[in-house]
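Heads up: the structure comes next, in structure tokens.
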Amino acid sequence: MTAPSTTTSDIASRWVRRRLASAARWLTTPVRPDDYLRLVNPLWSVEELCGRVEAVRPETADAVTLVIRPGRGWVPHRPGQWVRIGVDIDGVRHWRTYSLSSTPRRPDGRITITVKAVPDGLVSGHLVRRAEPGMIIGLGRPEGEFVLPEPPPTRVLFLTAGSGITPVMAMLDSLFAYGAAGSAGLGDADGARKGTAPRAKPLDVVLVHSAPTAEDVIFGRRLRELAAEFSNLRLYERHTRTDGRLKPTDLADLCPDWTERAAWVCGPAQMLDEITAHWSGPVDQLHVERFRPARPAAVGGTGGLVRFTRSRREVDADGDTPLLTVGEETGVLMPSGCRMGICYGCLARLSSGRVRDLRTGRIHGEEGDLIQTCVSAAAGPVEIEL
Amino acid sequence: MPTTRSTPTAVMLTRADVEEFGRELDKIRDEVMASRGEDDARYIRGLIATQRKLEMAGRVLLFASWLPPAWAAGTAALAVSKILENMEIGHNVLHGQWDWMRDPKIHSATWEWDTASPADQWKHSHNLVHHTWTNVLGKDRDIGYSAMRVHPEQKWHPIYLAQPLYNALLALFFEYGIAIYDVELERIPTGDKSLKEALGQLRAVAAKVRRQIIKDYVAFPLLAGPCFLPVLLGNLTANLTRNVWAHTVIFCGHFPEGAEVFTEEQIQDETRGQWYLRQLLGSCNIDGGPLLHLMSGNLSHQIEHHLFPDMPSNRYAEIAPRVRALCERFGLPYNSGSLARQTASVWKRILRLSLPGPGRPRQKETAPPVEEVQAAV
Ligand SMILES: Cc1cc2nc3c(=O)[nH]c(=O)nc-3n(C[C@H](O)[C@H](O)[C@H](O)COP(=O)(O)OP(=O)(O)OC[C@H]3O[C@@H](n4cnc5c(N)ncnc54)[C@H](O)[C@@H]3O)c2cc1C
Ligand code: FES
């Protein structure tokens with residue numbers, strides 16, 4: 001990727017823009033120009049990035065793809081990354097994390113997420129059943145390391161199940177549909193257009209995907225089309241209702257060299273755990289993405305008085321409730337994302353006291369530490385800088 | 001025990017009644033709070049959008065203010081927008097009425113409003129001090145704003161002779177009065193507050209006031225070029241209108257005839273029911289239609305607001321009849337009157353109490369014995 005050369009006129013125009021913005025702040029004090037821009041078009045906001053849902057496409061009986069036009073200030077993602085999504089339900093904003101299922105190379109600049117409704121799922125249920133074009137959602141920045149390196153390896157294994165296909169779909173589209181397979185680099189639209197030098201070895205990709213039935217395969221048609229078009233993409237669909245759950249031993253039959261490939265694995269916790277246990281290749285060649293916490297939450301332990309110093313609120317909390325929930329219920333503005341210790345969207349500074357990591361039971365924390373409030377509970381009196 | 005203390009009118013409730021009254025109010029509160037939802041969110045977002053558009057419209061109209069109708073319309077739009085911004089939006093957002101939406105843009109922790117008082121300082125002096133100590137003599141600094149005698153129980157001092165004059169001045173410059181008031185200067189000599197802290201607060205006020213003044217009296221007039229003066233005058237008029245209106249509405253909240261004050265002994269070990277009762281007896285409503293409620297930031301429902309300070313203000317109108325019925329059931333006063341009546345009552349008091357002596361003879365003979373009052377309040 002080459003850095004765009006900055007010309008003097010770029011610098012000058014940036015300077016002018018900055019001056020204009022700070023001049024405009026004098027006119028809008030005590031709020032900011034952004035607060036007025038958002039009124040005209042929420043997508044113009046740079047302070048509170050959001051997106052507009054432009055289309056809702058059903059994928060299966062319980063999954064939809066949302067085509068989203070991101071607002072100003074969206075930075076292109078790398079295929080495989082996820083983003084925090086903020087959804088208003090009954091007037092209350094809820095944040096969750098969703099993998100981007102689109103390639104950053106889409107010429108229309110849209111992004112997509114693909115959501116599968118989980119039983120009793122608040123946000124997933126709402127998005128699958130209620131989302132409609134025009135809906136405005138909050139957006140975070142693309143994050144996550146479940147991505148293909150640049151350039152991508154030649155021999156790749158994608159092992160997915162259920163909604164775990166979503167980040168991999170973005171990678172497949174980047175490798176095949178939008179980047180002439182076997183030749184182009186990734187994630188870099190310029191590179192694709194210019195046509196990077198052909199790689200020495202052709203790309204060889206195996207995708208093993210599990211779903212209960214053929215109809216339940218998210219992106220089923222698209223995957224089958226891609227596999228038909230590109231001979232160097234081999235697709236194995238496992239329909240677990242008839243064929244049973246895929247085991248690591250089955251994998252050895254389907255793809256004998258599976259541990260010699262660079263692997264990206266995303267699906268239910270059990271599958272991830274089994275694959276990790278059976279992996280005999282280099283550790284750095286196995287990439288795993290979890291949509292749910294790895295371990296059940298630890299229980300027990302005494303709580304304490306929790307003080308949110310900036311909001312001047314305090315409340316007694318038990319030792320099992322995440323500080324994120326404690327704060328939200330007290331009306332404190334708590335940043336959040338996945339709510340399971342994965343995205344770090346909930347970091348807050350600890351001013352005093354110690355907290356218990358609900359995943360491990362470990363008690364930790366020193367003044368000034370940034371803690372993940374979604375997986376931390378009070379272990380005695382705690383002060384949080386929020 | 002001070003004998004000059006006011007005696008809660010006709011409050012002859014038993015302790016059990018008071019607690020029952022409290023439980024009934026809790027029920028109303030729980031019901032409404034549980035039903036907060038999309039409609040409420042739409043209300044506050046829509047209101048903020050309307051207010052900001054109105055402000056923009058006002059400012060644009062003022063750019064054409066060489067036409068007198070444009071000046072009048074622009075100034076009016078700006079004044080209305082500033083009133084909405086301070087009262088129905090700012091005051092209520094800063095009370096945390098909308099925190100449940102978890103929208104960082106409409107949250108008491110992040111909100112800043114178009115008035116001289118920095119949100120942080122105001123939240124302390126208003127939400128914490130005034131709403132906790134409502135109408136408790138020596139504790140609630142909002143009683144006469146520590147500058148006026150509005151209850152006969154306050155000791156007279158010659159300085160109060162001039163209070164009609166400075167109440168009029170306060171009305172005009174209300175936003176600055178409140179900003180200075182929030183700094184609690186009178187607590188410095190007693191050592192309750194350090195000079196350093198007060199100076200820090202004053203600096204914050206000065207910084208905010210500077211930006212406010214530059215916006216309304218320099219930047220926008222300059223942008224208007226030849227319309228410099230009319231724009232400046234329009235902005236000034238809008239600000240003064242907002243000040244006078246806010247002052248009028250706010251003074252109707254706790255100072256009209258009938259609003260009661262309490263002593264510290266009276267509120268010792270106060271129960272939830274007693275707390276509710278004090279909020280009720282110390283607050284006064286203004287009768288009117290939806291427009292009045294909107295423009296007063298629903299402080300026309302001062303009683304409901306004091307009972308449930310963090311309930312979204314758009315819900316007060318809906319619960320007011322229930323609160324009133326509850327008061328009737330328990331034989332409690334529910335002080336409500338037209339804007340004209342309440343305002344006249346406030347001014348009458350301010351005039352009368354500028355002179356020594358009680359405002360009107362207290363009806364000592366009807367006062368319940370002290371023990372009963374203590375039981376009730
Ligand atoms: C990095 C990352 C990427 C993700 N990408 C996607 C994606 O592309 N598509 C997608 O559909 N989801 C994805 N998820 C999961 C998503 O963030 C939510 O957890 C999921 O949609 C459930 O949220 P909810 O509000 O509907 O459920 P909640 O109301 O929070 O929970 C309801 C119930 O469902 C259970 N539950 C919570 N999460 C899951 C889950 N993932 N699977 C099954 N049960 C669950 C809870 O334990 C609870 O019992 C991703 C998660 C992470 C961490
Ligand atoms: S919300 Fe994602 S780590 Fe806490």
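By order in the structure tokens, chains are A, B, ...; within a chain, residues start at 1; ligands start at 1, following the order shown.
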Quick one: which residues from chain A are at most 8 Å off chain B, using only C-alpha atoms, as a PyMOL selection string? chain A and resi 26-31+36+39+89-93+310-311+328+331-334
Using C-alpha atoms, can you export the residues from the last selection as a PDB file, in the first residue's frame?
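Wrote out.pdb, looks like this:
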ATOM      1  CA  TRP A  26     -18.031  29.980  18.234  1.00  0.00           C
ATOM      2  CA  LEU A  27     -21.386  30.238  16.501  1.00  0.00           C
ATOM      3  CA  THR A  28     -22.819  27.057  17.943  1.00  0.00           C
ATOM      4  CA  THR A  29     -21.458  27.268  21.484  1.00  0.00           C
ATOM      5  CA  PRO A  30     -22.213  25.588  23.874  1.00  0.00           C
ATOM      6  CA  VAL A  31     -22.942  22.722  21.490  1.00  0.00           C
ATOM      7  CA  TYR A  36     -26.572  20.872  13.831  1.00  0.00           C
ATOM      8  CA  LEU A  39     -30.006  17.267  12.168  1.00  0.00           C
ATOM      9  CA  ILE A  89     -34.849  -0.502  20.843  1.00  0.00           C
ATOM     10  CA  ASP A  90     -37.842   0.920  22.727  1.00  0.00           C
ATOM     11  CA  GLY A  91     -35.960   4.163  22.980  1.00  0.00           C
ATOM     12  CA  VAL A  92     -32.848   2.627  24.551  1.00  0.00           C
ATOM     13  CA  ARG A  93     -29.518   2.335  22.733  1.00  0.00           C
ATOM     14  CA  ARG A 310     -17.839  11.749  37.019  1.00  0.00           C
ATOM     15  CA  SER A 311     -21.552  10.983  37.034  1.00  0.00           C
ATOM     16  CA  GLU A 328     -26.386   1.134  32.983  1.00  0.00           C
ATOM     17  CA  GLY A 331     -28.201   5.667  34.486  1.00  0.00           C
ATOM     18  CA  VAL A 332     -24.471   6.142  33.943  1.00  0.00           C
ATOM     19  CA  LEU A 333     -23.373   6.579  30.354  1.00  0.00           C
ATOM     20  CA  MET A 334     -21.438   3.322  29.921  1.00  0.00           C
TER      21      MET A 334
END
Return as an MDAnalysis selection string the residues of protein, DNA or RNA that approach ligand 1 to within 8 Å, with only C-alpha atoms and all ligand atoms taken into account. chainID A and resid 63 81:83 94 96:101 113:126 144 163:167 268 289:293 337:340 342:343
Could you give me, as a list in words, the residues within 7 Å of Thr373 (chain A), counting only C-alpha atoms and dropping anything in the same chain fewer than 6 positions from it? Pro322, Leu323, Leu324, Cys346, Leu347 and Ala348 of chain A
Write the selection just made, keeping N, CA and C atoms, as a CSV table (one decimal), in the first residue's frame?
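Output (part-v5.csv):
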chain,number,residue,atom,x,y,z
A,322,PRO,N,-21.8,-7.7,36.2
A,322,PRO,CA,-20.8,-6.9,35.5
A,322,PRO,C,-21.0,-5.4,35.8
A,323,LEU,N,-19.9,-4.7,36.0
A,323,LEU,CA,-20.0,-3.2,36.3
A,323,LEU,C,-20.7,-2.5,35.2
A,324,LEU,N,-20.6,-3.1,34.0
A,324,LEU,CA,-21.3,-2.5,32.8
A,324,LEU,C,-22.8,-2.4,33.1
A,346,CYS,N,-15.7,-1.3,26.1
A,346,CYS,CA,-16.3,-0.9,27.4
A,346,CYS,C,-15.3,-0.4,28.4
A,347,LEU,N,-14.1,-0.2,27.9
A,347,LEU,CA,-13.0,0.2,28.8
A,347,LEU,C,-13.3,1.4,29.7
A,348,ALA,N,-13.0,1.3,31.0
A,348,ALA,CA,-13.2,2.5,31.8
A,348,ALA,C,-12.0,2.5,32.8
Return the single residue from B:Val261, B:Ile178, B:Leu223, B:Ala57 that is closest to Val205 (chain B), with distances computed using only C-alpha atoms. B:Ile178
Taking only region 42-269 of chain A into account, list the residues labelled strand (DSSP E) by DSSP (computed from the backbone), as a ChimeraX atom specification. /A:50-60,63-70,82-89,92-99,111-116,136-139,155-161,204-211,233-239,262-266
Residue set, region 56-289 of chain B restricted to helix (DSSP H, G or I), as a PyMOL selection string: chain B and resi 56-63+68-94+99-101+119-132+143-146+158-172+174-182+185-187+195-223+225-254+265-267+272-281
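In this structure, CA of Trp71 (chain B) sits 26.1 Å away from CA of Leu170 (chain B).
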Separation of atom 3 (S, counted along the ligand's line) of ligand 2 and CA of Arg362 (chain A), in Å? 16.4 Å
Write out as a ChimeraX atom specification which residues come within 8 Å of Met311 (chain B) when counting only C-alpha atoms, dropping same-chain ones fewer than 2 positions away. /B:29,32-33,97,305,308-309,313,315-316
Identify, on the basis of only C-alpha atoms, every residue whose closest approach to Pro290 (chain B) does not exceed 10 Å; exclude the query and any residue fewer than 6 positions from it along the same chain; express the result as a PDB file with C-alpha atoms, in the first residue's frame.
ATOM      1  CA  SER B 296     -42.382  26.447  31.026  1.00  0.00           C
ATOM      2  CA  ASN B 298     -43.179  21.579  32.438  1.00  0.00           C
ATOM      3  CA  ALA B 317     -49.271  16.192  32.346  1.00  0.00           C
TER       4      ALA B 317
END
Which residue out of A:Leu233, A:Ile363, A:Val128, A:Leu20 has the minimum interatomic distance to Asp204 (chain A) when only C-alpha atoms are used?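 Closest candidate: A:Leu233.
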Nearest to Leu353 (chain B), restricted to only C-alpha atoms and choosing among B:Glu318, B:Glu153, B:Asp17, B:Asp142, comes out as B:Glu153
Residues within 8 Å of Val46 (chain A), please, as a ChimeraX atom specification. Count only C-alpha atoms; anything in the same chain fewer than 3 positions from it doesn't count. /A:34,49,71-73
Expected file contents, prior selection, C-alpha atoms, as an mmCIF file, in the first residue's frame:
data_model
loop_
_atom_site.group_PDB
_atom_site.id
_atom_site.type_symbol
_atom_site.label_atom_id
_atom_site.label_comp_id
_atom_site.auth_asym_id
_atom_site.auth_seq_id
_atom_site.Cartn_x
_atom_site.Cartn_y
_atom_site.Cartn_z
ATOM 1 C CA ASP A 34 -21.765 18.607 14.475
ATOM 2 C CA LEU A 49 -20.354 7.904 13.453
ATOM 3 C CA GLY A 71 -21.439 8.065 7.497
ATOM 4 C CA ARG A 72 -18.614 10.493 6.954
ATOM 5 C CA GLY A 73 -15.490 9.401 8.748
#
Which residues come within 12 Å of Asp273 (chain A), counting only C-alpha atoms, excluding same-chain residues fewer than 3 positions away, as a PyMOL selection string? chain A and resi 247-248+265-270+276-279+288-290+293-295
